[in-house]
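Structure file model-v3.csv (CSV, C-alpha atoms) is printed below.
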```csv
chain,number,residue,atom,x,y,z
P,1,MET,CA,-143.9,128.1,123.8
P,2,LYS,CA,-140.2,127.4,124.0
P,3,LYS,CA,-140.8,123.7,124.4
P,4,HIS,CA,-142.9,123.6,121.2
P,5,ILE,CA,-140.1,125.4,119.3
P,6,LEU,CA,-137.5,122.9,120.5
P,7,ILE,CA,-139.6,120.0,119.5
P,8,LEU,CA,-140.1,121.5,116.0
P,9,LEU,CA,-136.3,122.1,115.6
P,10,THR,CA,-135.5,118.5,116.7
P,11,ALA,CA,-138.0,117.0,114.3
P,12,GLY,CA,-136.6,119.2,111.5
P,13,GLY,CA,-133.1,118.0,112.3
P,14,PHE,CA,-134.2,114.3,112.0
P,15,ILE,CA,-135.9,115.1,108.7
P,16,PHE,CA,-132.8,116.8,107.4
P,17,GLN,CA,-130.5,113.9,108.4
P,18,SER,CA,-132.9,111.4,106.9
P,19,CYS,CA,-132.9,113.4,103.6
P,20,SER,CA,-129.1,113.7,103.6
P,21,SER,CA,-128.7,110.0,104.2
P,22,GLU,CA,-131.1,109.1,101.4
P,23,LYS,CA,-129.2,111.5,99.1
P,24,GLU,CA,-125.9,109.8,100.0
P,25,LYS,CA,-127.3,106.3,99.3
P,26,SER,CA,-128.8,107.6,96.1
P,27,ALA,CA,-125.5,109.1,95.1
P,28,GLN,CA,-123.7,105.9,95.8
P,29,SER,CA,-126.3,103.8,93.9
P,30,SER,CA,-126.2,106.1,90.9
P,31,GLY,CA,-122.4,106.2,90.8
P,32,SER,CA,-120.2,104.2,88.5
P,33,PRO,CA,-119.8,100.5,89.5
P,34,ILE,CA,-116.9,99.4,91.5
P,35,SER,CA,-114.4,97.3,89.5
P,36,VAL,CA,-113.7,94.0,91.3
P,37,THR,CA,-111.7,90.8,90.8
P,38,LEU,CA,-113.5,87.5,91.3
P,39,SER,CA,-112.0,84.1,92.2
P,40,GLU,CA,-113.4,80.6,92.8
P,41,THR,CA,-113.0,78.7,96.0
P,42,THR,CA,-110.4,76.0,95.9
P,43,THR,CA,-110.9,72.5,97.4
P,44,SER,CA,-108.6,70.0,99.0
P,45,ASN,CA,-109.4,66.3,99.4
P,46,ASP,CA,-105.9,64.8,99.2
P,47,ALA,CA,-104.8,65.9,102.6
P,48,HIS,CA,-105.8,67.9,105.6
P,49,PHE,CA,-103.8,69.5,108.4
P,50,VAL,CA,-103.5,69.1,112.1
P,51,SER,CA,-102.6,72.4,113.7
P,52,ALA,CA,-100.6,72.8,116.9
P,53,SER,CA,-99.2,75.8,118.7
P,54,GLY,CA,-95.9,76.1,120.5
P,55,LYS,CA,-92.8,78.2,120.6
P,56,LEU,CA,-89.3,78.4,119.1
P,57,VAL,CA,-86.4,77.2,121.2
P,58,ALA,CA,-82.6,76.9,120.6
P,59,LYS,CA,-81.3,73.4,120.0
P,60,ASN,CA,-78.1,74.3,121.7
P,61,SER,CA,-78.9,75.9,125.1
P,62,VAL,CA,-76.8,75.5,128.2
P,63,ASN,CA,-76.9,76.8,131.8
P,64,VAL,CA,-73.5,78.0,133.0
P,65,SER,CA,-72.7,77.3,136.6
P,66,THR,CA,-69.7,76.6,138.9
P,67,ARG,CA,-68.7,73.8,141.3
P,68,MET,CA,-67.2,76.2,143.7
P,69,MET,CA,-68.7,78.2,146.5
P,70,GLY,CA,-67.5,81.8,146.7
P,71,TYR,CA,-68.3,85.4,145.9
P,72,ILE,CA,-68.4,86.5,142.3
P,73,THR,CA,-65.5,88.9,141.8
P,74,SER,CA,-66.0,89.6,138.1
P,75,MET,CA,-69.0,89.3,135.8
P,76,ARG,CA,-68.1,89.9,132.1
P,77,ALA,CA,-71.5,89.1,130.7
P,78,GLU,CA,-74.7,90.9,129.8
P,79,VAL,CA,-78.0,89.7,128.4
P,80,GLY,CA,-78.0,89.9,124.6
P,81,GLN,CA,-74.2,89.7,124.4
P,82,ASN,CA,-72.6,87.4,121.8
P,83,VAL,CA,-69.9,85.2,123.2
P,84,GLN,CA,-67.4,82.7,121.7
P,85,ALA,CA,-66.6,79.3,123.1
P,86,GLY,CA,-63.8,79.6,125.7
P,87,GLN,CA,-64.4,83.3,126.4
P,88,LEU,CA,-64.1,84.2,130.1
P,89,LEU,CA,-67.4,85.2,131.6
P,90,VAL,CA,-67.4,84.9,135.4
P,91,SER,CA,-64.7,84.8,138.1
P,92,VAL,CA,-65.2,83.5,141.6
P,93,ASN,CA,-63.2,84.3,144.7
P,94,ALA,CA,-60.3,81.8,144.8
P,95,ALA,CA,-58.8,82.5,148.2
P,96,ASP,CA,-59.6,79.0,149.6
P,97,ILE,CA,-58.2,77.3,146.5
P,98,GLN,CA,-55.0,79.4,146.7
P,99,ALA,CA,-54.5,78.3,150.3
P,100,LYS,CA,-55.0,74.7,149.3
P,101,GLY,CA,-52.6,75.2,146.4
P,102,GLY,CA,-49.9,76.4,148.9
P,103,GLN,CA,-50.5,73.4,151.1
P,104,ALA,CA,-50.2,71.1,148.0
P,105,ASN,CA,-46.9,72.7,147.0
P,106,ALA,CA,-45.5,72.2,150.5
P,107,GLN,CA,-46.6,68.6,150.5
P,108,ILE,CA,-44.9,68.1,147.1
P,109,ALA,CA,-41.7,69.6,148.4
P,110,GLN,CA,-41.7,67.3,151.5
P,111,ALA,CA,-42.6,64.2,149.5
P,112,GLN,CA,-39.9,65.1,146.9
P,113,ALA,CA,-37.2,65.3,149.7
P,114,ASN,CA,-38.3,62.0,151.2
P,115,PHE,CA,-38.3,60.4,147.8
P,116,ASN,CA,-34.8,61.7,146.9
P,117,SER,CA,-33.4,60.4,150.3
P,118,ALA,CA,-35.1,57.0,149.9
P,119,LYS,CA,-33.9,56.7,146.4
P,120,LYS,CA,-30.3,57.3,147.4
P,121,ASP,CA,-30.5,54.9,150.3
P,122,TYR,CA,-32.0,52.2,148.1
P,123,GLU,CA,-29.3,52.6,145.4
P,124,ARG,CA,-26.6,52.5,148.1
P,125,PHE,CA,-28.0,49.3,149.6
P,126,GLN,CA,-28.2,47.8,146.1
P,127,ASN,CA,-24.4,48.2,145.8
P,128,LEU,CA,-23.8,47.0,149.3
P,129,TYR,CA,-25.9,43.9,148.6
P,130,LYS,CA,-23.9,43.2,145.4
P,131,ASN,CA,-20.7,43.4,147.5
P,132,GLN,CA,-22.3,41.2,150.1
P,133,SER,CA,-22.0,44.0,152.6
P,134,ALA,CA,-25.8,44.1,153.3
P,135,SER,CA,-28.4,41.4,153.9
P,136,GLN,CA,-31.4,40.7,151.8
P,137,LYS,CA,-33.7,42.0,154.5
P,138,GLU,CA,-31.9,45.3,154.7
P,139,LEU,CA,-32.2,45.7,150.9
P,140,ASP,CA,-35.9,44.8,151.1
P,141,ASP,CA,-36.5,47.4,153.8
P,142,MET,CA,-34.8,50.1,151.7
P,143,GLN,CA,-36.8,49.1,148.7
P,144,ALA,CA,-40.1,49.3,150.7
P,145,ARG,CA,-39.1,52.7,152.0
P,146,TYR,CA,-38.3,53.8,148.4
P,147,GLU,CA,-41.6,52.6,147.1
P,148,MET,CA,-43.5,54.4,149.9
P,149,ALA,CA,-41.7,57.7,149.2
P,150,LYS,CA,-42.4,57.3,145.5
P,151,ALA,CA,-46.1,56.8,146.3
P,152,GLY,CA,-46.2,59.7,148.7
P,153,LEU,CA,-44.7,62.0,146.0
P,154,GLN,CA,-47.4,60.8,143.4
P,155,ALA,CA,-50.1,61.4,146.0
P,156,ALA,CA,-48.9,65.0,146.6
P,157,GLN,CA,-48.7,65.6,142.8
P,158,GLN,CA,-52.3,64.4,142.3
P,159,MET,CA,-53.5,66.6,145.1
P,160,LYS,CA,-51.9,69.5,143.2
P,161,ASN,CA,-53.7,68.4,140.1
P,162,GLU,CA,-57.0,68.4,142.0
P,163,VAL,CA,-56.3,72.0,143.2
P,164,ASN,CA,-55.5,73.0,139.6
P,165,ALA,CA,-58.8,71.5,138.4
P,166,GLN,CA,-60.7,73.4,141.1
P,167,TYR,CA,-59.0,76.6,139.8
P,168,SER,CA,-60.7,76.1,136.5
P,169,TYR,CA,-64.1,76.4,138.2
P,170,THR,CA,-63.2,79.8,139.6
P,171,ASN,CA,-62.8,81.2,136.1
P,172,ILE,CA,-65.9,80.2,134.1
P,173,THR,CA,-65.7,80.3,130.3
P,174,ALA,CA,-68.4,79.9,127.7
P,175,PRO,CA,-68.9,76.3,126.8
P,176,ILE,CA,-70.5,77.1,123.4
P,177,SER,CA,-70.7,80.1,121.0
P,178,GLY,CA,-74.0,81.9,121.2
P,179,THR,CA,-76.0,84.7,122.8
P,180,ILE,CA,-76.5,85.2,126.5
P,181,THR,CA,-80.3,85.1,127.0
P,182,ALA,CA,-80.5,85.1,130.8
P,183,LYS,CA,-78.5,86.3,133.8
P,184,PHE,CA,-79.2,85.0,137.3
P,185,ALA,CA,-76.3,86.6,139.3
P,186,GLU,CA,-74.4,89.8,139.6
P,187,GLN,CA,-70.9,90.7,140.8
P,188,GLY,CA,-70.7,90.4,144.6
P,189,ASP,CA,-73.3,87.6,144.8
P,190,LEU,CA,-72.4,84.3,146.5
P,191,ALA,CA,-72.2,81.5,143.9
P,192,ASN,CA,-73.1,78.0,145.1
P,193,PRO,CA,-72.2,74.7,143.5
P,194,GLY,CA,-74.6,73.9,140.7
P,195,MET,CA,-76.4,77.2,140.8
P,196,PRO,CA,-77.0,78.6,137.3
P,197,LEU,CA,-75.3,81.9,136.6
P,198,LEU,CA,-76.0,82.4,132.9
P,199,THR,CA,-77.9,80.9,130.0
P,200,ILE,CA,-76.3,80.7,126.6
P,201,GLU,CA,-78.3,79.9,123.5
P,202,SER,CA,-77.2,79.4,119.9
P,203,PRO,CA,-79.9,81.0,117.7
P,204,SER,CA,-78.3,79.7,114.5
P,205,ALA,CA,-80.0,76.3,115.2
P,206,LEU,CA,-83.7,76.7,116.2
P,207,GLN,CA,-86.5,74.2,116.5
P,208,ALA,CA,-90.2,74.5,117.2
P,209,GLN,CA,-91.6,72.5,120.0
P,210,VAL,CA,-95.3,71.7,120.3
P,211,LEU,CA,-97.7,69.4,122.1
P,212,VAL,CA,-99.9,67.1,120.0
P,213,SER,CA,-103.0,65.3,121.3
P,214,GLU,CA,-103.2,61.6,121.4
P,215,GLN,CA,-105.8,61.5,118.6
P,216,ASN,CA,-103.2,62.9,116.1
P,217,ILE,CA,-99.8,61.7,117.4
P,218,SER,CA,-100.0,58.3,115.6
P,219,GLN,CA,-100.3,60.2,112.2
P,220,ILE,CA,-97.1,62.2,112.7
P,221,ASN,CA,-93.8,60.6,111.6
P,222,GLU,CA,-90.2,61.6,111.8
P,223,GLY,CA,-89.0,63.4,108.7
P,224,MET,CA,-92.6,64.7,107.9
P,225,PRO,CA,-92.5,68.2,106.3
P,226,VAL,CA,-94.2,70.9,108.4
P,227,GLN,CA,-95.3,74.5,107.7
P,228,VAL,CA,-94.4,76.9,110.5
P,229,SER,CA,-96.2,80.2,110.7
P,230,LEU,CA,-95.0,83.1,112.9
P,231,LYS,CA,-97.7,85.8,113.2
P,232,SER,CA,-95.5,88.2,115.2
P,233,ILE,CA,-93.3,88.8,112.1
P,234,ASN,CA,-95.8,87.7,109.5
P,235,LYS,CA,-93.5,85.0,108.2
P,236,SER,CA,-93.8,81.3,107.3
P,237,VAL,CA,-90.9,78.8,107.2
P,238,SER,CA,-90.7,75.1,106.4
P,239,GLY,CA,-89.3,72.4,108.7
P,240,ARG,CA,-89.2,68.7,109.3
P,241,VAL,CA,-90.1,66.6,112.3
P,242,SER,CA,-86.9,65.6,114.2
P,243,GLU,CA,-88.2,64.1,117.4
P,244,ILE,CA,-91.4,62.6,118.7
P,245,SER,CA,-92.0,61.8,122.3
P,246,LYS,CA,-93.5,58.4,123.0
P,247,SER,CA,-94.8,59.2,126.4
P,248,ALA,CA,-97.3,61.8,127.7
P,249,ALA,CA,-96.9,61.0,131.4
P,250,ASN,CA,-95.4,64.3,132.2
P,251,THR,CA,-97.1,66.6,129.6
P,252,GLY,CA,-100.7,66.3,130.6
P,253,GLY,CA,-101.7,63.7,128.1
P,254,GLN,CA,-100.1,65.4,125.1
P,255,TYR,CA,-97.0,64.3,123.2
P,256,LEU,CA,-94.0,66.6,122.6
P,257,VAL,CA,-92.9,67.0,119.0
P,258,LYS,CA,-89.8,68.8,117.9
P,259,VAL,CA,-89.4,70.3,114.4
P,260,ASN,CA,-86.1,71.5,112.9
P,261,LEU,CA,-86.4,74.7,110.9
P,262,ASN,CA,-84.8,75.2,107.5
P,263,ASN,CA,-84.5,79.0,107.5
P,264,THR,CA,-83.9,80.7,110.9
P,265,GLN,CA,-83.1,84.2,109.6
P,266,ASP,CA,-84.9,86.9,111.6
P,267,LEU,CA,-86.2,84.3,114.0
P,268,LEU,CA,-85.6,84.4,117.8
P,269,PRO,CA,-86.0,81.8,120.6
P,270,GLY,CA,-89.3,82.2,122.4
P,271,MET,CA,-91.4,83.3,119.4
P,272,PHE,CA,-94.9,81.9,119.2
P,273,ALA,CA,-95.4,79.5,116.3
P,274,ASN,CA,-98.3,77.7,114.7
P,275,LEU,CA,-97.5,74.4,113.0
P,276,GLN,CA,-99.4,72.6,110.3
P,277,PHE,CA,-98.8,68.8,110.0
P,278,PRO,CA,-100.1,67.4,106.7
P,279,ILE,CA,-102.2,64.3,107.5
P,280,LYS,CA,-103.6,62.1,104.7
P,281,ASN,CA,-107.3,61.3,104.8
P,282,GLN,CA,-108.1,57.8,105.8
P,283,GLY,CA,-111.3,57.4,103.6
P,284,LYS,CA,-111.7,54.4,101.3
P,285,ALA,CA,-112.4,56.5,98.3
P,286,ASN,CA,-112.6,60.2,97.5
P,287,GLN,CA,-116.4,60.2,97.6
P,288,ASP,CA,-116.3,58.9,101.2
P,289,PHE,CA,-115.0,62.2,102.7
P,290,GLN,CA,-115.9,65.8,102.4
P,291,GLN,CA,-113.9,68.3,100.4
P,292,SER,CA,-112.5,71.3,102.2
P,293,VAL,CA,-113.4,74.7,100.8
P,294,LEU,CA,-110.4,77.2,101.0
P,295,VAL,CA,-110.2,80.9,100.5
P,296,PRO,CA,-107.4,83.4,101.0
P,297,LYS,CA,-107.3,85.3,104.3
P,298,THR,CA,-107.1,88.6,102.5
P,299,ALA,CA,-110.6,88.2,101.1
P,300,LEU,CA,-112.2,88.0,104.6
P,301,VAL,CA,-114.2,90.8,106.2
P,302,GLU,CA,-114.3,90.9,110.0
P,303,GLN,CA,-116.9,92.9,111.9
P,304,GLY,CA,-116.7,92.3,115.7
P,305,GLN,CA,-116.9,88.5,116.2
P,306,LEU,CA,-118.4,87.9,112.7
P,307,THR,CA,-116.5,86.9,109.6
P,308,GLY,CA,-117.8,87.4,106.1
P,309,ILE,CA,-116.9,87.5,102.5
P,310,TYR,CA,-118.3,89.5,99.6
P,311,VAL,CA,-119.9,87.5,96.7
P,312,PRO,CA,-121.4,88.8,93.5
P,313,SER,CA,-125.2,88.6,93.0
P,314,ALA,CA,-127.1,88.0,89.8
P,315,GLN,CA,-127.8,91.8,89.6
P,316,ASN,CA,-124.1,92.6,89.7
P,317,THR,CA,-124.1,93.9,93.3
P,318,ALA,CA,-121.8,92.9,96.1
P,319,ILE,CA,-123.4,90.8,98.9
P,320,LEU,CA,-121.7,90.4,102.2
P,321,ARG,CA,-122.2,86.8,103.3
P,322,TRP,CA,-121.4,85.6,106.8
P,323,ILE,CA,-119.4,82.4,106.9
P,324,LYS,CA,-117.9,80.1,109.5
P,325,ILE,CA,-114.2,79.5,109.2
P,326,GLY,CA,-112.1,76.6,110.5
P,327,LYS,CA,-108.3,76.0,110.6
P,328,SER,CA,-105.7,78.0,108.7
P,329,ILE,CA,-103.6,76.4,106.0
P,330,GLY,CA,-100.8,78.7,105.1
P,331,ASP,CA,-102.2,81.9,103.6
P,332,GLN,CA,-105.6,80.3,103.2
P,333,VAL,CA,-108.4,79.4,105.6
P,334,GLU,CA,-111.0,76.6,105.6
P,335,VAL,CA,-114.6,77.6,105.2
P,336,LEU,CA,-116.9,75.3,107.2
P,337,SER,CA,-120.2,76.8,106.1
P,338,GLY,CA,-121.7,79.8,104.1
P,339,LEU,CA,-119.7,79.3,100.9
P,340,ASN,CA,-119.9,76.3,98.5
P,341,ALA,CA,-117.2,74.7,96.5
P,342,GLN,CA,-116.5,76.3,93.1
P,343,GLU,CA,-118.5,79.4,94.2
P,344,LYS,CA,-117.2,82.8,93.2
P,345,TYR,CA,-116.2,85.5,95.6
P,346,ILE,CA,-114.6,89.0,95.5
P,347,THR,CA,-110.9,89.2,96.2
P,348,GLN,CA,-110.0,92.7,95.2
P,349,ALA,CA,-112.0,95.9,94.6
P,350,SER,CA,-111.0,99.4,93.2
P,351,GLY,CA,-113.2,101.1,95.8
P,352,ARG,CA,-114.8,100.5,99.2
P,353,LEU,CA,-117.3,97.7,99.1
P,354,TYR,CA,-120.6,97.7,101.0
P,355,ASN,CA,-123.6,95.5,101.0
P,356,GLY,CA,-125.6,96.2,97.7
P,357,ALA,CA,-122.8,98.1,96.0
P,358,LYS,CA,-122.8,98.0,92.2
P,359,ILE,CA,-119.8,96.1,90.8
P,360,SER,CA,-118.3,95.3,87.5
P,361,THR,CA,-115.9,92.4,87.0
P,362,LYS,CA,-112.5,92.9,85.3
```
Have the structure of the file written as structure tokens, please.
Amino acid sequence: MKKHILILLTAGGFIFQSCSSEKEKSAQSSGSPISVTLSETTTSNDAHFVSASGKLVAKNSVNVSTRMMGYITSMRAEVGQNVQAGQLLVSVNAADIQAKGGQANAQIAQAQANFNSAKKDYERFQNLYKNQSASQKELDDMQARYEMAKAGLQAAQQMKNEVNAQYSYTNITAPISGTITAKFAEQGDLANPGMPLLTIESPSALQAQVLVSEQNISQINEGMPVQVSLKSINKSVSGRVSEISKSAANTGGQYLVKVNLNNTQDLLPGMFANLQFPIKNQGKANQDFQQSVLVPKTALVEQGQLTGIYVPSAQNTAILRWIKIGKSIGDQVEVLSGLNAQEKYITQASGRLYNGAKISTK
């Protein structure tokens, strides 16, 4: 008996839900029409775009390293810190250089004493030779000794200059003004010659670097205007092609293209970028190639992996039509199928649209 009661209650629940759903649909259909704004698709047959993805990099980027081996005694740098050219960043233990500097000073003192003695003897023998009190050979010997002492003093001084040059590598300064973006060592670490310690980038000069396939590289030229989209900050900036690699041997069959950006405000190195290169169509006449149908991205409706757009019907209702989209061109997207050229679609609505909703155009 209980089972029969449960079945009756369940069936009654389904009937109630069905009735309420029908009432909702009836209420929606009997309500006032939704005010909408219609637009027509735009077409483009003068140019199409080649898209490529890459990232932003700093044009001025340097790795700071040292030519000396020694322990890092001071590290005055942190990631994200802004530095000026010539600012002291890292100090390396200079005990070995100090010892060599002391040896150089001692050698200079010894060479200076030999030079002074040889110079006096040479000047003395010059006077003796003039008075015919010394032979030519004695004068030549004194001159040779003087020249050797002079060369020894110069060698000692150059050794001191070498030590002073090595001192400069124990106190490492910033070669450019910019921001520290990477740090590879800490105070107390052993620095080796050529080992990078820091990376400094100048974010004021940024460029986008992308790889372009061999099918499209021949249509890209230096100086070409480029539209750069950054989805992470929802911003688009313009730029121009500055460099084009002529070899793809080390890039997997793709060619490196660099684009200088015009406005780098709020942009940071490493941001993902999508670039649009305007490529002119190669048809003989306009009728030889197909027009591209474009709609704004804001008019699209996405449900799972499907993309659609609302269009008006002859009965003044909204119809959700599924479409296939292609490449993005700025704020617009190309419609490959599902929407014809010059066909109207809904861009804005005063209420929530659904398939079959009554509409009225503004």
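Interatomic distance, atom CA of Thr298 of chain P against atom CA of Gln342 of chain P: 18.1 Å.
As for atom CA of Gln207 of chain P and atom CA of Pro175 of chain P, they are spaced 20.5 Å apart.
Minimum atom-to-atom distance to Lys246 of chain P, evaluated using only C-alpha atoms, belongs to P:Ser213 out of P:Asn316, P:Gln265, P:Ser213, P:Asn274.
In this comparison, which uses all atoms listed in the file, the residue of P:Gln209, P:Gly351, P:Ile172, P:Val237 approaching Lys55 of chain P most closely is P:Gln209.
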Query raised in the report: At what distance in Å, to one decimal, does atom CA of Lys297 of chain P lie from atom CA of Val333 of chain P?
Result: 6.1 Å
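Using only C-alpha atoms for every distance, the candidate list P:Val335, P:Ile34, P:Ala94, P:Ile325 yields P:Ala94 as the residue closest to Ala191 of chain P.
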